[in-house]
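Undergrad: I am sharing model.pdb, which consists of PDB, C-alpha atoms:
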```
MODEL        1
ATOM      1  CA  MET T  99      51.893  -3.881 170.245
ATOM      2  CA  ARG T 100      50.068  -1.338 172.346
ATOM      3  CA  SER T 101      52.692  -1.577 175.114
ATOM      4  CA  ARG T 102      55.480  -1.214 172.579
ATOM      5  CA  GLY T 103      53.789   1.947 171.242
ATOM      6  CA  ILE T 104      53.595   3.365 174.745
ATOM      7  CA  VAL T 105      57.286   2.612 175.336
ATOM      8  CA  VAL T 106      58.238   4.280 172.063
ATOM      9  CA  ALA T 107      56.116   7.329 172.866
ATOM     10  CA  VAL T 108      57.626   7.643 176.322
ATOM     11  CA  SER T 109      61.125   7.275 174.864
ATOM     12  CA  VAL T 110      60.468  10.090 172.405
ATOM     13  CA  ILE T 111      59.201  12.345 175.189
ATOM     14  CA  VAL T 112      62.208  11.579 177.398
ATOM     15  CA  ALA T 113      64.593  12.240 174.506
ATOM     16  CA  ALA T 114      62.904  15.566 173.810
ATOM     17  CA  VAL T 115      63.211  16.560 177.459
ATOM     18  CA  VAL T 116      66.872  15.560 177.586
ATOM     19  CA  CYS T 117      67.595  17.600 174.461
ATOM     20  CA  ALA T 118      65.950  20.587 176.090
ATOM     21  CA  LEU T 119      68.199  20.373 179.119
ATOM     22  CA  GLY T 120      71.533  22.088 179.346
ATOM     23  CA  PRO T 121      74.678  20.345 180.523
ATOM     24  CA  GLY T 122      73.928  21.299 184.121
ATOM     25  CA  GLY T 123      70.448  19.873 184.014
ATOM     26  CA  GLY T 124      68.634  23.180 183.563
ATOM     27  CA  ILE T 125      66.534  24.295 180.655
ATOM     28  CA  ALA T 126      68.833  25.167 177.767
ATOM     29  CA  ARG T 127      68.912  28.871 176.971
ATOM     30  CA  ALA T 128      68.460  29.949 173.386
ATOM     31  CA  ALA T 129      71.555  31.631 172.002
ATOM     32  CA  LEU T 130      71.415  35.398 171.749
ATOM     33  CA  PRO T 131      71.921  36.834 168.260
ATOM     34  CA  VAL T 132      75.417  38.243 167.821
ATOM     35  CA  SER T 133      75.936  41.130 165.421
ATOM     36  CA  TYR T 134      79.555  41.986 164.666
ATOM     37  CA  ASN T 135      78.795  45.671 164.427
ATOM     38  CA  PHE T 136      79.913  48.350 166.872
ATOM     39  CA  LEU T 137      76.578  50.155 166.373
ATOM     40  CA  GLY T 138      74.544  47.054 167.204
ATOM     41  CA  GLY T 139      73.647  48.145 170.738
ATOM     42  CA  ILE T 140      72.093  51.483 169.789
ATOM     43  CA  PRO T 141      68.578  50.120 169.009
ATOM     44  CA  SER T 142      68.411  48.606 172.495
ATOM     45  CA  GLU T 143      69.360  51.937 174.068
ATOM     46  CA  LEU T 144      66.659  53.707 172.060
ATOM     47  CA  ALA T 145      64.066  51.117 173.078
ATOM     48  CA  HIS T 146      65.140  50.884 176.722
ATOM     49  CA  PRO T 147      66.971  54.073 177.748
ATOM     50  CA  GLY T 148      69.274  53.425 180.656
ATOM     51  CA  GLY T 149      68.584  49.694 180.569
ATOM     52  CA  SER T 150      70.837  46.704 180.030
ATOM     53  CA  LEU T 151      71.408  44.651 176.915
ATOM     54  CA  PRO T 152      69.791  41.194 176.992
ATOM     55  CA  GLY T 153      72.314  38.868 178.589
ATOM     56  CA  SER T 154      74.012  41.459 180.795
ATOM     57  CA  ASN T 155      73.674  42.531 184.420
ATOM     58  CA  ASP T 156      71.939  39.391 185.652
ATOM     59  CA  PHE T 157      72.925  39.602 189.299
ATOM     60  CA  THR T 158      71.545  36.112 189.896
ATOM     61  CA  CYS T 159      74.089  34.636 187.431
ATOM     62  CA  THR T 160      76.310  31.933 188.947
ATOM     63  CA  PRO T 161      79.744  31.664 187.302
ATOM     64  CA  SER T 162      80.549  28.240 185.901
ATOM     65  CA  ALA T 163      83.606  26.116 186.685
ATOM     66  CA  GLN T 164      84.827  26.755 183.139
ATOM     67  CA  HIS T 165      84.402  30.543 183.450
ATOM     68  CA  PRO T 166      84.654  31.347 187.172
ATOM     69  CA  ASN T 167      85.309  35.056 186.670
ATOM     70  CA  PRO T 168      82.441  37.381 185.739
ATOM     71  CA  VAL T 169      83.347  39.665 182.833
ATOM     72  CA  VAL T 170      82.913  43.409 183.365
ATOM     73  CA  LEU T 171      82.697  45.537 180.217
ATOM     74  CA  VAL T 172      83.984  49.121 180.508
ATOM     75  CA  HIS T 173      82.943  51.475 177.699
ATOM     76  CA  GLY T 174      84.835  54.345 176.105
ATOM     77  CA  THR T 175      84.359  58.107 176.004
ATOM     78  CA  GLY T 176      80.826  58.980 174.943
ATOM     79  CA  GLY T 177      79.718  55.352 175.247
ATOM     80  CA  ALA T 178      77.408  53.491 177.584
ATOM     81  CA  GLN T 179      76.684  49.957 178.706
ATOM     82  CA  GLN T 180      74.341  49.326 175.770
ATOM     83  CA  THR T 181      75.742  51.472 172.958
ATOM     84  CA  ASN T 182      79.339  50.240 173.339
ATOM     85  CA  TRP T 183      78.734  46.522 173.793
ATOM     86  CA  GLY T 184      76.168  45.354 171.231
ATOM     87  CA  THR T 185      78.630  42.712 170.025
ATOM     88  CA  TYR T 186      80.242  41.618 173.267
ATOM     89  CA  VAL T 187      77.294  41.108 175.600
ATOM     90  CA  PRO T 188      75.555  38.420 173.510
ATOM     91  CA  LEU T 189      78.854  36.890 172.390
ATOM     92  CA  LEU T 190      80.181  36.424 175.907
ATOM     93  CA  LYS T 191      76.828  35.346 177.314
ATOM     94  CA  ASN T 192      76.567  32.669 174.640
ATOM     95  CA  GLU T 193      80.045  31.493 175.632
ATOM     96  CA  GLY T 194      78.819  30.881 179.172
ATOM     97  CA  TYR T 195      80.169  33.938 180.969
ATOM     98  CA  CYS T 196      78.329  36.007 183.543
ATOM     99  CA  VAL T 197      78.440  39.391 181.793
ATOM    100  CA  PHE T 198      78.140  42.799 183.423
ATOM    101  CA  ALA T 199      78.391  46.329 182.070
ATOM    102  CA  LEU T 200      78.047  49.760 183.614
ATOM    103  CA  THR T 201      77.625  53.306 182.386
ATOM    104  CA  TYR T 202      79.954  55.664 184.239
ATOM    105  CA  GLY T 203      80.855  59.332 184.078
ATOM    106  CA  THR T 204      77.527  60.737 182.861
ATOM    107  CA  ILE T 205      76.569  64.373 183.313
ATOM    108  CA  ASP T 206      74.202  64.746 186.251
ATOM    109  CA  GLY T 207      70.737  66.186 185.845
ATOM    110  CA  LEU T 208      70.343  65.761 182.086
ATOM    111  CA  PRO T 209      67.606  63.712 180.374
ATOM    112  CA  PHE T 210      67.952  61.004 177.733
ATOM    113  CA  PRO T 211      69.821  60.821 175.362
ATOM    114  CA  PHE T 212      72.498  62.505 177.507
ATOM    115  CA  THR T 213      72.156  59.708 180.045
ATOM    116  CA  ALA T 214      73.587  57.388 177.369
ATOM    117  CA  ILE T 215      76.744  59.500 176.989
ATOM    118  CA  GLY T 216      79.240  58.269 179.545
ATOM    119  CA  GLY T 217      82.919  58.819 180.158
ATOM    120  CA  MET T 218      82.513  62.567 180.583
ATOM    121  CA  ALA T 219      83.657  62.891 184.210
ATOM    122  CA  PRO T 220      87.297  62.954 185.328
ATOM    123  CA  MET T 221      88.714  59.473 184.896
ATOM    124  CA  GLN T 222      89.585  59.052 188.560
ATOM    125  CA  ASP T 223      85.864  59.496 189.305
ATOM    126  CA  GLY T 224      85.038  56.898 186.652
ATOM    127  CA  ALA T 225      87.527  54.528 188.288
ATOM    128  CA  ALA T 226      85.747  54.932 191.621
ATOM    129  CA  GLU T 227      82.397  54.174 189.952
ATOM    130  CA  LEU T 228      83.917  51.080 188.383
ATOM    131  CA  GLY T 229      85.221  49.949 191.758
ATOM    132  CA  ARG T 230      81.790  50.188 193.340
ATOM    133  CA  PHE T 231      80.296  48.256 190.437
ATOM    134  CA  ILE T 232      82.903  45.498 190.665
ATOM    135  CA  SER T 233      82.246  45.155 194.384
ATOM    136  CA  ARG T 234      78.567  44.703 193.644
ATOM    137  CA  VAL T 235      79.332  42.063 190.983
ATOM    138  CA  LEU T 236      81.628  40.111 193.299
ATOM    139  CA  ASP T 237      79.137  40.232 196.161
ATOM    140  CA  ALA T 238      76.294  39.016 193.936
ATOM    141  CA  THR T 239      78.181  36.231 192.153
ATOM    142  CA  GLY T 240      80.418  35.038 194.971
ATOM    143  CA  ALA T 241      83.407  35.228 192.624
ATOM    144  CA  GLN T 242      86.871  36.129 193.883
ATOM    145  CA  LYS T 243      87.921  38.139 190.822
ATOM    146  CA  VAL T 244      86.548  39.623 187.625
ATOM    147  CA  ASP T 245      87.919  39.770 184.104
ATOM    148  CA  ILE T 246      87.875  43.185 182.418
ATOM    149  CA  VAL T 247      87.212  44.017 178.773
ATOM    150  CA  GLY T 248      87.636  47.741 178.181
ATOM    151  CA  HIS T 249      87.475  49.979 175.127
ATOM    152  CA  SER T 250      89.297  53.289 174.721
ATOM    153  CA  GLN T 251      88.886  55.266 177.969
ATOM    154  CA  GLY T 252      87.574  52.018 179.411
ATOM    155  CA  THR T 253      91.096  50.606 179.099
ATOM    156  CA  LEU T 254      92.529  53.273 181.402
ATOM    157  CA  ILE T 255      90.173  53.582 184.342
ATOM    158  CA  PRO T 256      90.425  49.913 185.392
ATOM    159  CA  ASP T 257      94.192  50.390 185.671
ATOM    160  CA  TYR T 258      93.720  53.443 187.870
ATOM    161  CA  TYR T 259      91.282  51.449 189.989
ATOM    162  CA  ALA T 260      93.761  48.576 190.258
ATOM    163  CA  LYS T 261      96.755  50.759 191.129
ATOM    164  CA  TYR T 262      95.234  53.428 193.351
ATOM    165  CA  LEU T 263      91.798  52.382 194.573
ATOM    166  CA  GLY T 264      92.505  48.906 195.919
ATOM    167  CA  GLY T 265      91.398  46.868 192.919
ATOM    168  CA  GLN T 266      94.552  44.984 191.988
ATOM    169  CA  ASP T 267      93.475  41.791 193.775
ATOM    170  CA  GLU T 268      90.029  41.873 192.147
ATOM    171  CA  ILE T 269      91.137  41.709 188.491
ATOM    172  CA  ASP T 270      92.435  38.530 186.868
ATOM    173  CA  LYS T 271      92.513  39.065 183.089
ATOM    174  CA  TYR T 272      92.520  42.591 181.657
ATOM    175  CA  VAL T 273      91.729  42.871 177.940
ATOM    176  CA  SER T 274      92.031  46.284 176.295
ATOM    177  CA  LEU T 275      90.567  47.308 172.929
ATOM    178  CA  ALA T 276      92.264  50.435 171.531
ATOM    179  CA  PRO T 277      94.249  51.199 174.688
ATOM    180  CA  LEU T 278      96.264  54.394 175.044
ATOM    181  CA  TRP T 279      98.745  53.884 177.853
ATOM    182  CA  ASN T 280     100.821  56.819 176.609
ATOM    183  CA  GLY T 281      97.814  59.026 175.886
ATOM    184  CA  THR T 282      97.227  60.476 172.436
ATOM    185  CA  THR T 283      98.570  63.299 170.302
ATOM    186  CA  LEU T 284      95.217  63.648 168.484
ATOM    187  CA  ALA T 285      94.657  67.187 167.164
ATOM    188  CA  GLY T 286      97.883  68.385 168.738
ATOM    189  CA  THR T 287      96.806  67.717 172.316
ATOM    190  CA  ASP T 288     100.428  67.035 173.228
ATOM    191  CA  LEU T 289     101.246  70.613 172.202
ATOM    192  CA  ILE T 290      98.090  72.524 173.119
ATOM    193  CA  LEU T 291      97.310  71.117 176.553
ATOM    194  CA  PRO T 292     100.713  71.668 178.177
ATOM    195  CA  VAL T 293     100.545  75.323 177.093
ATOM    196  CA  ALA T 294      97.000  75.584 178.452
ATOM    197  CA  ARG T 295      98.144  74.209 181.799
ATOM    198  CA  GLN T 296     100.968  76.741 181.914
ATOM    199  CA  LEU T 297      98.320  79.433 181.452
ATOM    200  CA  GLY T 298      96.405  78.098 184.451
ATOM    201  CA  VAL T 299      93.696  76.102 182.668
ATOM    202  CA  PRO T 300      92.939  73.104 184.921
ATOM    203  CA  ALA T 301      93.743  69.632 183.596
ATOM    204  CA  ASP T 302      90.089  68.652 183.818
ATOM    205  CA  GLY T 303      88.918  71.952 182.397
ATOM    206  CA  PHE T 304      87.413  70.732 179.147
ATOM    207  CA  PRO T 305      83.768  71.816 179.127
ATOM    208  CA  ILE T 306      81.303  68.900 179.331
ATOM    209  CA  CYS T 307      84.001  66.244 178.775
ATOM    210  CA  ASN T 308      86.291  66.584 181.779
ATOM    211  CA  ALA T 309      88.015  63.314 180.882
ATOM    212  CA  CYS T 310      89.053  64.518 177.426
ATOM    213  CA  GLY T 311      91.803  66.804 178.715
ATOM    214  CA  GLN T 312      93.314  63.887 180.606
ATOM    215  CA  PHE T 313      94.301  61.933 177.482
ATOM    216  CA  ASP T 314      97.363  64.114 176.974
ATOM    217  CA  ALA T 315     100.400  62.049 177.965
ATOM    218  CA  ALA T 316     101.634  64.886 180.185
ATOM    219  CA  SER T 317      98.357  65.349 182.074
ATOM    220  CA  PRO T 318      98.462  64.771 185.844
ATOM    221  CA  PHE T 319      96.156  61.767 185.406
ATOM    222  CA  MET T 320      98.306  60.025 182.795
ATOM    223  CA  THR T 321     101.497  60.898 184.650
ATOM    224  CA  LYS T 322     100.169  59.304 187.818
ATOM    225  CA  LEU T 323      98.811  56.294 185.929
ATOM    226  CA  ARG T 324     102.264  55.531 184.527
ATOM    227  CA  GLU T 325     104.128  55.950 187.825
ATOM    228  CA  GLY T 326     105.971  52.728 188.538
ATOM    229  CA  GLY T 327     104.806  51.254 185.230
ATOM    230  CA  ILE T 328     101.369  50.533 183.825
ATOM    231  CA  TYR T 329     101.295  46.800 184.462
ATOM    232  CA  LEU T 330     100.823  44.968 187.756
ATOM    233  CA  PRO T 331     102.465  41.533 188.102
ATOM    234  CA  ASN T 332      99.370  39.644 189.284
ATOM    235  CA  ILE T 333      97.165  40.656 186.316
ATOM    236  CA  ALA T 334      97.280  39.164 182.798
ATOM    237  CA  TYR T 335      97.088  41.957 180.203
ATOM    238  CA  THR T 336      96.105  41.709 176.538
ATOM    239  CA  ASN T 337      96.339  44.894 174.451
ATOM    240  CA  ILE T 338      94.502  44.842 171.095
ATOM    241  CA  SER T 339      95.164  47.777 168.767
ATOM    242  CA  THR T 340      94.511  48.793 165.162
ATOM    243  CA  ARG T 341      96.942  50.570 162.875
ATOM    244  CA  TYR T 342      94.035  52.702 161.608
ATOM    245  CA  ASP T 343      93.136  54.166 164.994
ATOM    246  CA  GLU T 344      92.265  57.797 164.332
ATOM    247  CA  LEU T 345      91.824  58.710 168.011
ATOM    248  CA  VAL T 346      94.748  56.928 169.645
ATOM    249  CA  VAL T 347      97.654  58.628 167.881
ATOM    250  CA  PRO T 348     100.011  56.894 167.469
ATOM    251  CA  TYR T 349      98.289  53.541 167.843
ATOM    252  CA  THR T 350     101.483  52.189 169.433
ATOM    253  CA  SER T 351     100.484  54.109 172.562
ATOM    254  CA  GLY T 352      98.519  50.977 173.400
ATOM    255  CA  GLN T 353     101.311  48.513 172.647
ATOM    256  CA  LEU T 354     103.621  49.046 175.593
ATOM    257  CA  PRO T 355     105.942  46.090 176.134
ATOM    258  CA  GLY T 356     105.826  44.228 179.407
ATOM    259  CA  GLY T 357     106.721  40.931 180.987
ATOM    260  CA  ALA T 358     105.306  37.457 180.529
ATOM    261  CA  ASN T 359     101.907  38.689 181.725
ATOM    262  CA  VAL T 360     101.539  41.156 178.814
ATOM    263  CA  HIS T 361     100.420  40.182 175.303
ATOM    264  CA  ASN T 362     100.300  42.838 172.560
ATOM    265  CA  ILE T 363      98.204  42.359 169.405
ATOM    266  CA  VAL T 364      97.703  44.504 166.296
ATOM    267  CA  VAL T 365      94.695  43.232 164.344
ATOM    268  CA  GLN T 366      96.254  43.966 160.938
ATOM    269  CA  ASP T 367      99.211  41.685 161.683
ATOM    270  CA  GLY T 368      98.415  38.659 159.553
ATOM    271  CA  CYS T 369      95.238  40.270 158.212
ATOM    272  CA  PRO T 370      95.894  43.367 156.058
ATOM    273  CA  VAL T 371      92.249  43.532 154.872
ATOM    274  CA  ASP T 372      91.041  44.478 158.356
ATOM    275  CA  TYR T 373      90.263  48.201 158.119
ATOM    276  CA  THR T 374      88.741  48.668 161.550
ATOM    277  CA  GLU T 375      89.645  51.877 163.319
ATOM    278  CA  HIS T 376      88.962  53.067 166.866
ATOM    279  CA  ALA T 377      85.220  52.387 167.099
ATOM    280  CA  GLY T 378      85.060  49.452 164.707
ATOM    281  CA  LEU T 379      87.630  47.543 166.728
ATOM    282  CA  ALA T 380      84.933  46.965 169.363
ATOM    283  CA  GLY T 381      82.626  45.429 166.772
ATOM    284  CA  SER T 382      84.896  43.320 164.586
ATOM    285  CA  ARG T 383      84.804  39.526 164.596
ATOM    286  CA  ARG T 384      88.597  39.344 164.455
ATOM    287  CA  GLY T 385      88.946  41.540 167.514
ATOM    288  CA  ALA T 386      86.265  39.552 169.318
ATOM    289  CA  TYR T 387      88.059  36.248 168.773
ATOM    290  CA  PHE T 388      91.264  37.724 170.125
ATOM    291  CA  VAL T 389      89.246  38.711 173.200
ATOM    292  CA  LEU T 390      87.756  35.226 173.571
ATOM    293  CA  ASN T 391      91.224  33.692 173.447
ATOM    294  CA  ALA T 392      92.545  36.185 175.990
ATOM    295  CA  LEU T 393      89.718  35.364 178.402
ATOM    296  CA  ASP T 394      90.096  31.605 177.922
ATOM    297  CA  PRO T 395      93.701  30.925 176.875
ATOM    298  CA  ALA T 396      93.365  27.240 177.804
ATOM    299  CA  HIS T 397      90.914  26.746 174.909
ATOM    300  CA  PRO T 398      92.222  28.867 172.006
ATOM    301  CA  ARG T 399      90.374  28.965 168.716
ATOM    302  CA  PRO T 400      91.419  30.110 165.245
ATOM    303  CA  VAL T 401      91.081  33.867 164.800
ATOM    304  CA  PRO T 402      89.243  34.817 161.589
ATOM    305  CA  CYS T 403      90.474  37.365 159.093
ATOM    306  CA  ASP T 404      87.601  39.390 157.652
ATOM    307  CA  ARG T 405      87.563  42.277 155.242
ATOM    308  CA  ALA T 406      86.252  44.512 158.020
ATOM    309  CA  ALA T 407      84.924  48.044 157.652
ATOM    310  CA  PRO T 408      85.798  51.089 159.733
ATOM    311  CA  ILE T 409      83.277  52.541 162.213
ATOM    312  CA  THR T 410      81.246  49.336 162.504
ATOM    313  CA  GLY T 411      83.852  46.586 162.234
ATOM    314  CA  SER T 412      81.389  44.629 160.094
ATOM    315  CA  ALA T 413      82.595  42.367 157.313
ATOM    316  CA  PHE T 414      82.095  43.737 153.802
TER     317      PHE T 414
ENDMDL
END
```
Can you present the structure in this file as structure tokens?
TA:
Amino acid sequence: MRSRGIVVAVSVIVAAVVCALGPGGGIARAALPVSYNFLGGIPSELAHPGGSLPGSNDFTCTPSAQHPNPVVLVHGTGGAQQTNWGTYVPLLKNEGYCVFALTYGTIDGLPFPFTAIGGMAPMQDGAAELGRFISRVLDATGAQKVDIVGHSQGTLIPDYYAKYLGGQDEIDKYVSLAPLWNGTTLAGTDLILPVARQLGVPADGFPICNACGQFDAASPFMTKLREGGIYLPNIAYTNISTRYDELVVPYTSGQLPGGANVHNIVVQDGCPVDYTEHAGLAGSRRGAYFVLNALDPAHPRPVPCDRAAPITGSAF
């Protein structure tokens, strides 16, 4: 009886150890909490200015066979690696991806909170910053390519990097939230900025936000970006837009048709109760599931339809 008790005890201990091990034999990592809320990363930025969200920028991360490409998250105008990606960092990390995010285009010499306001520099400078970051990610992980998830301005600068800065062979899947391939007519920029340029105001002459003047479809940056077409044949593109985008006007600016390597999605198609707009699109569960399917098309999952709020993308 005593020996049987010992065997049972040992069996329980072994079972507990096995349950604690992940599929690769390592200690299983507790899942990170995922908040479907675009504002979810702000508390982390306030607590750790200039830091990284838990789950991101682990340069010791080894990509798995299932997800061999690290995912690089590229924020929008005024965003940063923490404030823009409170939903996506934990979500993608939990899915088994190596997740990386940068803050680019900040204004030099200013203290926090200005260090958390990126996307201010000319977009070609942001593209160069992204290129250096991708090189660092590839060197650290040993991967051949990265997948991109960008939001707003962060949908444009990877394309500039791919087309003009040697990055086209480093990007596999390119997922864009609220893209604006044809720029935007917000606040009459399509009328005001061409006149300003005729008067000699430089294209990047917006004070503080040099990138903002480049969103006009006729700006030198956007004109160059569209030369020869937006899409490159060796990259798989997924464009995810919302009909309620108040900054990308019209929202169809991000829905340019392409070949077999281009997939266009409008989140309200099939889900009219989704009220996410420009910011909320980067926090909504519906948008996130479209992203997951774009990154792993071999294992698609049903995309939910939530009654989702603007600004945050949270269900209500």
Undergrad: Please determine, counting all atoms listed in the file, which residue among T:Leu379, T:Ile306, T:Ala276, T:Leu254 has the shortest atom-to-atom distance to Thr350 (chain T).
TA: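 Checking each of T:Leu379, T:Ile306, T:Ala276, T:Leu254 against Thr350 (chain T), counting all atoms listed in the file, the winner is T:Ala276.
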Undergrad: Got a sec to resolve the PyMOL selection byres ((chain T and resi 152) around 9) on this structure and send the residues as a compact mmCIF listing (two decimals) with C-alpha atoms, keeping the file's coordinate frame?
TA:
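What follows is the written file selection27.txt:
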```txt
# COMPACT_ATOMS: atom_id res chain seq x y z
CA LEU T 130 71.42 35.40 171.75
CA SER T 142 68.41 48.61 172.50
CA SER T 150 70.84 46.70 180.03
CA LEU T 151 71.41 44.65 176.92
CA GLY T 153 72.31 38.87 178.59
CA SER T 154 74.01 41.46 180.80
CA ASN T 155 73.67 42.53 184.42
CA VAL T 187 77.29 41.11 175.60
CA PRO T 188 75.56 38.42 173.51
```
Undergrad: Work out how far apart CA of Phe136 (chain T) and CA of Asn391 (chain T) are and give it in Å to one decimal.
TA: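 CA of Asn391 (chain T) lies 19.6 Å from CA of Phe136 (chain T).
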Undergrad: CA of Asp257 (chain T) to CA of Pro168 (chain T): how many Å, to one decimal?
TA: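 CA of Asp257 (chain T) sits 17.5 Å away from CA of Pro168 (chain T).
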Undergrad: Using the chain letters and numbers from the file, give me the residues hit by the PyMOL selection byres ((chain T and resi 163) around 12), as a PDB file with C-alpha atoms, in the coordinates of the input.
TA:
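The resulting file, out-v2.pdb, is shown below:
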```pdb
ATOM      1  CA  GLY T 122      73.928  21.299 184.121  1.00  0.00           C
ATOM      2  CA  THR T 160      76.310  31.933 188.947  1.00  0.00           C
ATOM      3  CA  PRO T 161      79.744  31.664 187.302  1.00  0.00           C
ATOM      4  CA  SER T 162      80.549  28.240 185.901  1.00  0.00           C
ATOM      5  CA  GLN T 164      84.827  26.755 183.139  1.00  0.00           C
ATOM      6  CA  HIS T 165      84.402  30.543 183.450  1.00  0.00           C
ATOM      7  CA  PRO T 166      84.654  31.347 187.172  1.00  0.00           C
ATOM      8  CA  ASN T 167      85.309  35.056 186.670  1.00  0.00           C
ATOM      9  CA  PRO T 168      82.441  37.381 185.739  1.00  0.00           C
ATOM     10  CA  GLY T 194      78.819  30.881 179.172  1.00  0.00           C
ATOM     11  CA  TYR T 195      80.169  33.938 180.969  1.00  0.00           C
ATOM     12  CA  CYS T 196      78.329  36.007 183.543  1.00  0.00           C
ATOM     13  CA  ALA T 241      83.407  35.228 192.624  1.00  0.00           C
TER      14      ALA T 241
END
```
Undergrad: Please determine, counting all atoms listed in the file, which residue among T:Pro305, T:Gly240, T:Gly217, T:Gly139 has the shortest atom-to-atom distance to Thr253 (chain T).
TA: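 Comparing T:Pro305, T:Gly240, T:Gly217, T:Gly139 against Thr253 (chain T), the winner is T:Gly217.
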Undergrad: Rounded to one decimal, what separation in Å do you get between CA of Tyr272 (chain T) and CA of Thr239 (chain T)?
TA: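 Result for CA of Tyr272 (chain T) versus CA of Thr239 (chain T): 18.9 Å, one decimal.
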Undergrad: Just want the 12 Å neighbourhood of Leu137 (chain T), counted on only C-alpha atoms, with same-chain residues fewer than 2 positions away dropped. Output as a PyMOL selection string.
TA: chain T and resi 133-135+139-144+177-178+180-186+377-382+408-412
Undergrad: Expanded to explicit residues, what is the PyMOL selection byres ((chain T and resi 384) around 7) for this file, as a ChimeraX atom specification?
TA: /T:382-383,385-388,401-404
Undergrad: Can you work out which one of T:Asn192, T:Pro211, T:Val247, T:Ile205 has the shortest atom-to-atom distance to Ala145 (chain T), counting all atoms listed in the file?
TA: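 Of T:Asn192, T:Pro211, T:Val247, T:Ile205, the one nearest Ala145 (chain T) is T:Pro211, counting all atoms listed in the file.
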Undergrad: Counting only C-alpha atoms, which of T:Asn362, T:Asn332, T:Gln242, T:Thr340 gets nearest to His376 (chain T)?
TA: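 Answer, going by the shortest atom-to-atom distance: T:Thr340.
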Undergrad: For Leu190 (chain T), which of T:Pro355, T:Gly174, T:Pro131, T:Gly148 is the closest residue, counting all atoms listed in the file?
TA: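 Between T:Pro355, T:Gly174, T:Pro131, T:Gly148, the residue approaching Leu190 (chain T) most closely is T:Pro131.
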Undergrad: With distances taken over only C-alpha atoms, which residue among T:Leu200, T:Thr175, T:Lys243, T:Lys191 lies nearest Ala219 (chain T)?
TA: T:Thr175
